[in-house]
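K.L.:
Before I ask anything, let me first share the structure, which is written out below as structure tokens.
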Amino acid sequence: MQLGLFTPIFNALTLDEALAELKRYAEISMLEIGTGGWPGGNHLDFDTLLANKEKSHTFRSKLQDAGLTISALSCHNNPVHPNKEIARRDDAVLRKTIQLAEQIHVPVVVTFSGCPGASAEDVTPNWITAAWPPEFADALAWQWEERLIPYWKNTGTFAASAGVKIALEAHPGFCVYNPETLLKLRAATNASIGINLDPSHMWWQGIDIPTAITELGESIFHFHAKDVAINEAMRNRNGVLDTKSYREMAQRSWLFRSVGWGHSELEWKRIASALRLAGYDYVMSIEHEDALASTHEGLSSAIAMLSRVLLKEPPVDAWWA
């Protein structure tokens, strides 16, 4: 297992400035780089790289010279958005990202499943979380049968033809938000569709991460290292569905935190062990979204914790068995 970093944390820096800053964090060996969508594409000239293979390989070589490889290209967006213009834009970014991944030999593209409206007439995404009243169940079936499955079946085939795997980040607000919905979509499409497992999005839903890892198994294509802390007083009062701004930190039921500031080292060791048992031995890509910590302190804290947790060497043969 290698330690990686999702680069939007350094979006205010140029690529060269980010690479210089990364020299402070020698434990990082892989980068997950944004190409568009919500992560932005600040660290690469997307269209130029696609149009010029020589420049795209120069880009990759620059990272290799810095001792880094690319774990994934990421374009978290909503390609099934009910606004057709937004859907076309996001689909174009995703397909270009897949093409660039093929061109520079990156095996994984990370994005969201997206969320359509509740009907063909809607213009706003509609995340359905209840089976009743009856129109909710009807709308959910329409979303999957008419939008989600057809789109990802086609896009999964496109990715497979490029030799690229799509890791959907299970995230509330989108149709794929837990292991069950990811596996449902994978079964209805093809094996090039898997998950970017971010435990922070599952913990606040009450999901046990090692259990989820066991369930997801070979569908785990990429992993985000991000923690979440539950404010028990607010959770006990209001539950975990919380629409307050992330800036209203003291009033929320939960907050994203740096690794180790929400769950113990033992819990992260359970996760590392479960990943190994599931056959995943790729990367833990740190995603820093902790508004209580500076970039340096949050990142340094996560690295310190994960450096004690990651199993980097091959396991021994069980000679005692």
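Going by the structure tokens order, chains are called A, B, ..., each with residues numbered from 1, while ligands are numbered from 1 in the order shown.
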If you run DSSP over the backbone, which residues in segment 56-296 of chain A end up alpha helix (DSSP H)? Put them as a ChimeraX atom specification.
P.N.:
/A:56-65,84-103,134-142,149-161,179-188,199-203,209-216,232-238,265-277,295-296
K.L.:
What are the closest atom pairs, with distances in Å to one decimal, for each residue of segment 17-106 of chain A lying within 10 Å of segment 155-171 of chain A, using only C-alpha atoms, rows by chain and rising residue number, as CSV?
P.N.:
```
residue,atom,partner,partner_atom,distance
A:Ala72,CA,A:Ala167,CA,9.1
A:Leu73,CA,A:Ile166,CA,9.9
A:Ser74,CA,A:Ala167,CA,9.2
A:His76,CA,A:Glu169,CA,8.2
A:Asp91,CA,A:Thr155,CA,9.0
A:Leu94,CA,A:Thr155,CA,9.1
A:Arg95,CA,A:Thr155,CA,8.0
A:Thr97,CA,A:Ala159,CA,9.9
A:Ile98,CA,A:Ala159,CA,6.3
A:Gln99,CA,A:Ala162,CA,7.0
A:Leu100,CA,A:Ala162,CA,9.7
A:Ala101,CA,A:Val164,CA,7.1
A:Glu102,CA,A:Ala162,CA,5.8
A:Gln103,CA,A:Ala162,CA,8.9
A:His105,CA,A:Val164,CA,8.7
A:Val106,CA,A:Val164,CA,7.5
```
K.L.:
Put those residues in a file: C-alpha atoms, as a compact mmCIF listing (two decimals), in the first residue's frame.
P.N.:
```txt
# COMPACT_ATOMS: atom_id res chain seq x y z
CA ALA A 72 -5.87 8.51 -10.43
CA LEU A 73 -7.27 11.39 -12.42
CA SER A 74 -10.35 12.87 -10.76
CA HIS A 76 -16.00 14.58 -9.57
CA ASP A 91 -19.88 13.92 -19.56
CA LEU A 94 -15.29 12.63 -17.83
CA ARG A 95 -14.68 11.17 -21.29
CA THR A 97 -10.34 12.38 -18.48
CA ILE A 98 -10.67 8.72 -19.45
CA GLN A 99 -8.85 9.43 -22.71
CA LEU A 100 -6.06 11.28 -20.91
CA ALA A 101 -5.76 8.47 -18.37
CA GLU A 102 -5.29 6.01 -21.23
CA GLN A 103 -2.75 8.30 -22.88
CA HIS A 105 -1.11 5.20 -18.44
CA VAL A 106 -3.15 6.04 -15.34
```
K.L.:
Per residue of segment 36-142 of chain A within 10 Å of segment 217-229 of chain A, what are the shortest atom pair and its distance in Å to one decimal, counting only C-alpha atoms, with rows by chain and residue number, as a tab-separated table?
P.N.:
```
residue	atom	partner	partner_atom	distance
A:Ser71	CA	A:His222	CA	8.1
A:Ala72	CA	A:His222	CA	7.9
A:Pro107	CA	A:Phe221	CA	9.2
A:Val108	CA	A:Phe221	CA	7.2
A:Val109	CA	A:His222	CA	9.0
A:Val110	CA	A:His222	CA	7.9
```
K.L.:
Output the selection as a short mmCIF file (atom, residue, chain, number, x, y, z; two decimals), in the first residue's frame - C-alpha atoms for each residue.
P.N.:
```
data_model
loop_
_atom_site.label_atom_id
_atom_site.label_comp_id
_atom_site.auth_asym_id
_atom_site.auth_seq_id
_atom_site.Cartn_x
_atom_site.Cartn_y
_atom_site.Cartn_z
CA SER A 71 -2.79 7.08 -8.67
CA ALA A 72 -5.87 8.51 -10.43
CA PRO A 107 -5.35 3.07 -14.41
CA VAL A 108 -8.18 4.81 -12.53
CA VAL A 109 -10.53 7.76 -13.02
CA VAL A 110 -12.48 8.96 -9.96
#
```
K.L.:
Go ahead and compute the interatomic distance for atom CA of Met249 of chain A and atom CA of Trp38 of chain A, in Å to one decimal.
P.N.:
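Interatomic distance, atom CA of Met249 of chain A to atom CA of Trp38 of chain A: 21.6 Å.
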K.L.:
Would you mind listing what lies within 8 Å of segment 306-319 of chain A as an mmCIF file with C-alpha atoms, in the first residue's frame, with only C-alpha atoms counted and same-chain residues fewer than 3 positions away left out?
P.N.:
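What landed in around_4.cif:
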```cif
data_model
loop_
_atom_site.group_PDB
_atom_site.id
_atom_site.type_symbol
_atom_site.label_atom_id
_atom_site.label_comp_id
_atom_site.auth_asym_id
_atom_site.auth_seq_id
_atom_site.Cartn_x
_atom_site.Cartn_y
_atom_site.Cartn_z
ATOM 1 C CA MET A 1 0.000 0.000 0.000
ATOM 2 C CA GLN A 2 1.274 3.464 -0.876
ATOM 3 C CA LEU A 3 0.475 6.839 0.610
ATOM 4 C CA GLU A 27 6.113 9.925 2.694
ATOM 5 C CA VAL A 259 -7.145 11.240 9.637
ATOM 6 C CA GLU A 265 -5.425 4.538 15.185
ATOM 7 C CA TRP A 268 -7.577 2.827 10.909
ATOM 8 C CA LYS A 269 -5.552 -0.358 11.472
ATOM 9 C CA ALA A 272 -5.822 -1.306 6.587
ATOM 10 C CA ALA A 302 -2.714 12.434 8.578
ATOM 11 C CA ILE A 303 0.692 11.343 7.277
#
```
K.L.:
Could you work out how far atom CA of Pro210 of chain A lies from atom CA of Arg276 of chain A, giving the answer in Å with one decimal?
P.N.:
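The value is 10.7 Å.
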K.L.:
Just asking: which residues within segment 16-49 of chain A are strand (DSSP E or B) according to DSSP, as number ranges by chain?
P.N.:
A: 30-34
K.L.:
Counting only C-alpha atoms, what are the residues of segment 57-146 of chain A within 12 Å of segment 11-26 of chain A, and for each of them which pair of atoms is the nearest and at what distance in Å, to one decimal? Sort the table by chain and rising number, as CSV.
P.N.:
```
residue,atom,partner,partner_atom,distance
A:Phe59,CA,A:Leu15,CA,9.9
A:Arg60,CA,A:Leu15,CA,11.8
A:Lys62,CA,A:Asp16,CA,9.2
A:Leu63,CA,A:Leu19,CA,7.9
A:Gln64,CA,A:Leu19,CA,10.9
A:Asp65,CA,A:Leu19,CA,10.3
A:Ala66,CA,A:Leu19,CA,7.2
A:Gly67,CA,A:Ala26,CA,9.2
A:Leu68,CA,A:Leu19,CA,9.3
A:Thr69,CA,A:Leu19,CA,12.0
```
K.L.:
Store the residues of this selection in a file with C-alpha atoms, as a short mmCIF file (atom, residue, chain, number, x, y, z; two decimals), in the first residue's frame.
P.N.:
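Heads up, here's the output in selection38.cif:
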```cif
data_model
loop_
_atom_site.label_atom_id
_atom_site.label_comp_id
_atom_site.auth_asym_id
_atom_site.auth_seq_id
_atom_site.Cartn_x
_atom_site.Cartn_y
_atom_site.Cartn_z
CA PHE A 59 3.90 16.06 -17.70
CA ARG A 60 4.06 12.53 -16.35
CA LYS A 62 7.94 15.76 -14.40
CA LEU A 63 6.09 13.96 -11.64
CA GLN A 64 8.31 10.91 -11.93
CA ASP A 65 11.40 13.11 -11.63
CA ALA A 66 9.91 14.36 -8.35
CA GLY A 67 9.55 10.75 -7.15
CA LEU A 68 5.80 10.67 -7.71
CA THR A 69 3.35 8.63 -9.75
#
```
K.L.:
Using only C-alpha atoms, which residue out of A:Ser285, A:Ile213, A:Glu145, A:Thr58 lies closest to Leu44 of chain A?
P.N.:
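Distance minimum relative to Leu44 of chain A lands on A:Thr58.
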